[in-house]
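Q: Pasting a structure here, questions to come.
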Amino acid sequence: MLEYTLPHFGTLQLESLEEYYQVDLELNGKAVQVDLNFEANTLDVETFQRVKSFIENIEKFDQKNQDYIQQDFENERDC
């Protein structure tokens, strides 16, 4: 059976996925809950690699989102 390991979630069986996985983790000093939801019970390795890349870079995505929100707020004030 094919297995794939995701950060924080551990090892998942690619050919017998559960519908829902959830983990609690700390992100930039705050407790957050991250969950994965699957419509099918199988998934290809390429998709898991994209999910893994997102999870590994979640702090960078969070920072980009915070920067975007701050920039949007400042642009609204200038109008």
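How things are named: the first chain in the structure tokens is A, the next is B, and so on; residues count from 1 in each chain; ligands count from 1 in the order shown.
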Can you pull out every residue within 7 Å of A:Asp35, counting only C-alpha atoms, but drop anything in the same chain fewer than 3 positions away, and send it as a PyMOL selection string?

A: chain A and resi 21-23

Q: Show me, as JSON lines, the residues of stretch 23-64 of chain A having an atom within 7 Å of stretch 5-10 of chain A, each with the closest atom pair and its distance in Å, using only C-alpha atoms.

A:
{"residue": "A:Val23", "atom": "CA", "partner": "A:Phe9", "partner_atom": "CA", "distance": 6.5}
{"residue": "A:Lys52", "atom": "CA", "partner": "A:Leu6", "partner_atom": "CA", "distance": 5.6}
{"residue": "A:Ile55", "atom": "CA", "partner": "A:Pro7", "partner_atom": "CA", "distance": 6.7}
{"residue": "A:Glu56", "atom": "CA", "partner": "A:Pro7", "partner_atom": "CA", "distance": 6.8}

Q: Could you please determine the separation between atom CA of A:Asp72 and atom CA of A:Lys60 in Å, to one decimal place?

A: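 So the two atoms, atom CA of A:Asp72 and atom CA of A:Lys60, lie 18.3 Å apart.
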
Q: Stretch 36-45 of chain A: which residues within 7 Å, counting only C-alpha atoms, same-chain residues fewer than 4 positions away excluded, as a list of chain:residue names?

A: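 Everything that qualifies: A:Leu14, A:Glu15, A:Ser16, A:Leu17, A:Glu18, A:Glu19, A:Tyr20, A:Tyr21, A:Gln22, A:Gln49.
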
Q: Would you export the selected residues with N, CA and C atoms as a PDB file, in the first residue's frame, please?

A:
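Result written to result.pdb:
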ATOM      1  N   LEU A  14      -2.269   6.421   0.744  1.00  0.00           N
ATOM      2  CA  LEU A  14      -2.787   7.054  -0.464  1.00  0.00           C
ATOM      3  C   LEU A  14      -3.981   6.331  -1.052  1.00  0.00           C
ATOM      4  N   GLU A  15      -4.119   5.056  -0.783  1.00  0.00           N
ATOM      5  CA  GLU A  15      -5.197   4.280  -1.393  1.00  0.00           C
ATOM      6  C   GLU A  15      -6.341   3.970  -0.431  1.00  0.00           C
ATOM      7  N   SER A  16      -6.270   4.500   0.777  1.00  0.00           N
ATOM      8  CA  SER A  16      -7.378   4.311   1.728  1.00  0.00           C
ATOM      9  C   SER A  16      -7.468   5.519   2.668  1.00  0.00           C
ATOM     10  N   LEU A  17      -7.647   6.677   2.074  1.00  0.00           N
ATOM     11  CA  LEU A  17      -7.725   7.917   2.840  1.00  0.00           C
ATOM     12  C   LEU A  17      -9.021   7.998   3.623  1.00  0.00           C
ATOM     13  N   GLU A  18      -8.933   8.642   4.771  1.00  0.00           N
ATOM     14  CA  GLU A  18     -10.138   8.991   5.501  1.00  0.00           C
ATOM     15  C   GLU A  18     -10.666  10.298   4.913  1.00  0.00           C
ATOM     16  N   GLU A  19     -11.892  10.622   5.218  1.00  0.00           N
ATOM     17  CA  GLU A  19     -12.493  11.836   4.669  1.00  0.00           C
ATOM     18  C   GLU A  19     -11.912  13.092   5.305  1.00  0.00           C
ATOM     19  N   TYR A  20     -11.476  13.014   6.571  1.00  0.00           N
ATOM     20  CA  TYR A  20     -11.121  14.200   7.335  1.00  0.00           C
ATOM     21  C   TYR A  20      -9.915  13.923   8.220  1.00  0.00           C
ATOM     22  N   TYR A  21      -8.945  14.841   8.193  1.00  0.00           N
ATOM     23  CA  TYR A  21      -7.785  14.807   9.081  1.00  0.00           C
ATOM     24  C   TYR A  21      -7.648  16.190   9.701  1.00  0.00           C
ATOM     25  N   GLN A  22      -7.239  16.241  10.969  1.00  0.00           N
ATOM     26  CA  GLN A  22      -7.103  17.517  11.660  1.00  0.00           C
ATOM     27  C   GLN A  22      -5.890  17.483  12.577  1.00  0.00           C
ATOM     28  N   GLN A  49       2.162  15.862  -3.162  1.00  0.00           N
ATOM     29  CA  GLN A  49       3.364  16.692  -3.167  1.00  0.00           C
ATOM     30  C   GLN A  49       3.003  18.175  -3.101  1.00  0.00           C
TER      31      GLN A  49
END

Q: Step one, run DSSP on the backbone; step two, keep only residues of chain A assigned to helix (DSSP H, G or I); then write them as a PyMOL selection string.

A: chain A and resi 45-56+58-78

Q: Would you mind exporting N, CA and C atoms of the selected residues as a compact mmCIF listing (two decimals), in the first residue's frame?

A:
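Just written: result-v1.txt:
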# COMPACT_ATOMS: atom_id res chain seq x y z
N VAL A 45 0.13 10.85 -6.10
CA VAL A 45 1.33 11.35 -5.42
C VAL A 45 1.58 12.82 -5.76
N GLU A 46 1.35 13.22 -6.99
CA GLU A 46 1.59 14.60 -7.40
C GLU A 46 0.74 15.58 -6.58
N THR A 47 -0.50 15.24 -6.34
CA THR A 47 -1.36 16.10 -5.54
C THR A 47 -0.87 16.15 -4.10
N PHE A 48 -0.46 15.00 -3.56
CA PHE A 48 0.10 14.99 -2.20
C PHE A 48 1.35 15.85 -2.12
N GLN A 49 2.16 15.86 -3.16
CA GLN A 49 3.36 16.69 -3.17
C GLN A 49 3.00 18.17 -3.10
N ARG A 50 1.94 18.57 -3.79
CA ARG A 50 1.49 19.97 -3.73
C ARG A 50 0.97 20.31 -2.33
N VAL A 51 0.22 19.40 -1.74
CA VAL A 51 -0.28 19.61 -0.38
C VAL A 51 0.89 19.73 0.59
N LYS A 52 1.87 18.83 0.45
CA LYS A 52 3.04 18.85 1.32
C LYS A 52 3.79 20.18 1.18
N SER A 53 3.96 20.65 -0.04
CA SER A 53 4.66 21.92 -0.27
C SER A 53 3.92 23.07 0.40
N PHE A 54 2.60 23.08 0.30
CA PHE A 54 1.82 24.14 0.95
C PHE A 54 2.01 24.09 2.46
N ILE A 55 1.90 22.90 3.04
CA ILE A 55 2.04 22.77 4.50
C ILE A 55 3.44 23.18 4.94
N GLU A 56 4.46 22.79 4.19
CA GLU A 56 5.83 23.15 4.55
C GLU A 56 6.06 24.65 4.49
N ILE A 58 3.58 27.03 4.97
CA ILE A 58 2.39 27.70 5.49
C ILE A 58 2.74 29.01 6.21
N GLU A 59 3.90 29.07 6.86
CA GLU A 59 4.28 30.32 7.53
C GLU A 59 4.54 31.43 6.51
N LYS A 60 5.15 31.08 5.38
CA LYS A 60 5.38 32.08 4.33
C LYS A 60 4.06 32.57 3.75
N PHE A 61 3.13 31.64 3.50
CA PHE A 61 1.82 32.04 2.98
C PHE A 61 1.08 32.92 3.99
N ASP A 62 1.21 32.59 5.26
CA ASP A 62 0.57 33.39 6.30
C ASP A 62 1.13 34.81 6.29
N GLN A 63 2.44 34.93 6.19
CA GLN A 63 3.06 36.26 6.16
C GLN A 63 2.63 37.05 4.93
N LYS A 64 2.58 36.39 3.77
CA LYS A 64 2.13 37.07 2.55
C LYS A 64 0.69 37.56 2.71
N ASN A 65 -0.14 36.74 3.32
CA ASN A 65 -1.54 37.14 3.54
C ASN A 65 -1.62 38.33 4.48
N GLN A 66 -0.84 38.30 5.55
CA GLN A 66 -0.83 39.42 6.50
C GLN A 66 -0.37 40.70 5.80
N ASP A 67 0.68 40.58 4.97
CA ASP A 67 1.17 41.75 4.24
C ASP A 67 0.10 42.29 3.29
N TYR A 68 -0.59 41.41 2.60
CA TYR A 68 -1.64 41.82 1.67
C TYR A 68 -2.77 42.53 2.41
N ILE A 69 -3.17 41.99 3.53
CA ILE A 69 -4.25 42.60 4.32
C ILE A 69 -3.83 43.99 4.79
N GLN A 70 -2.59 44.12 5.28
CA GLN A 70 -2.10 45.42 5.74
C GLN A 70 -2.05 46.42 4.58
N GLN A 71 -1.56 45.98 3.43
CA GLN A 71 -1.49 46.85 2.26
C GLN A 71 -2.89 47.28 1.82
N ASP A 72 -3.82 46.37 1.81
CA ASP A 72 -5.19 46.69 1.43
C ASP A 72 -5.80 47.70 2.40
N PHE A 73 -5.55 47.50 3.69
CA PHE A 73 -6.05 48.42 4.71
C PHE A 73 -5.48 49.82 4.49
N GLU A 74 -4.18 49.90 4.25
CA GLU A 74 -3.54 51.20 4.03
C GLU A 74 -4.06 51.86 2.76
N ASN A 75 -4.31 51.09 1.72
CA ASN A 75 -4.85 51.65 0.47
C ASN A 75 -6.27 52.19 0.68
N GLU A 76 -7.06 51.53 1.50
CA GLU A 76 -8.42 51.99 1.79
C GLU A 76 -8.39 53.31 2.55
N ARG A 77 -7.44 53.47 3.46
CA ARG A 77 -7.33 54.71 4.22
C ARG A 77 -6.95 55.88 3.33
N ASP A 78 -6.15 55.61 2.29
CA ASP A 78 -5.69 56.68 1.40
C ASP A 78 -6.78 57.17 0.46

Q: Chain A: which residues are strand (DSSP E) by DSSP, as a count of residues only?

A: 24
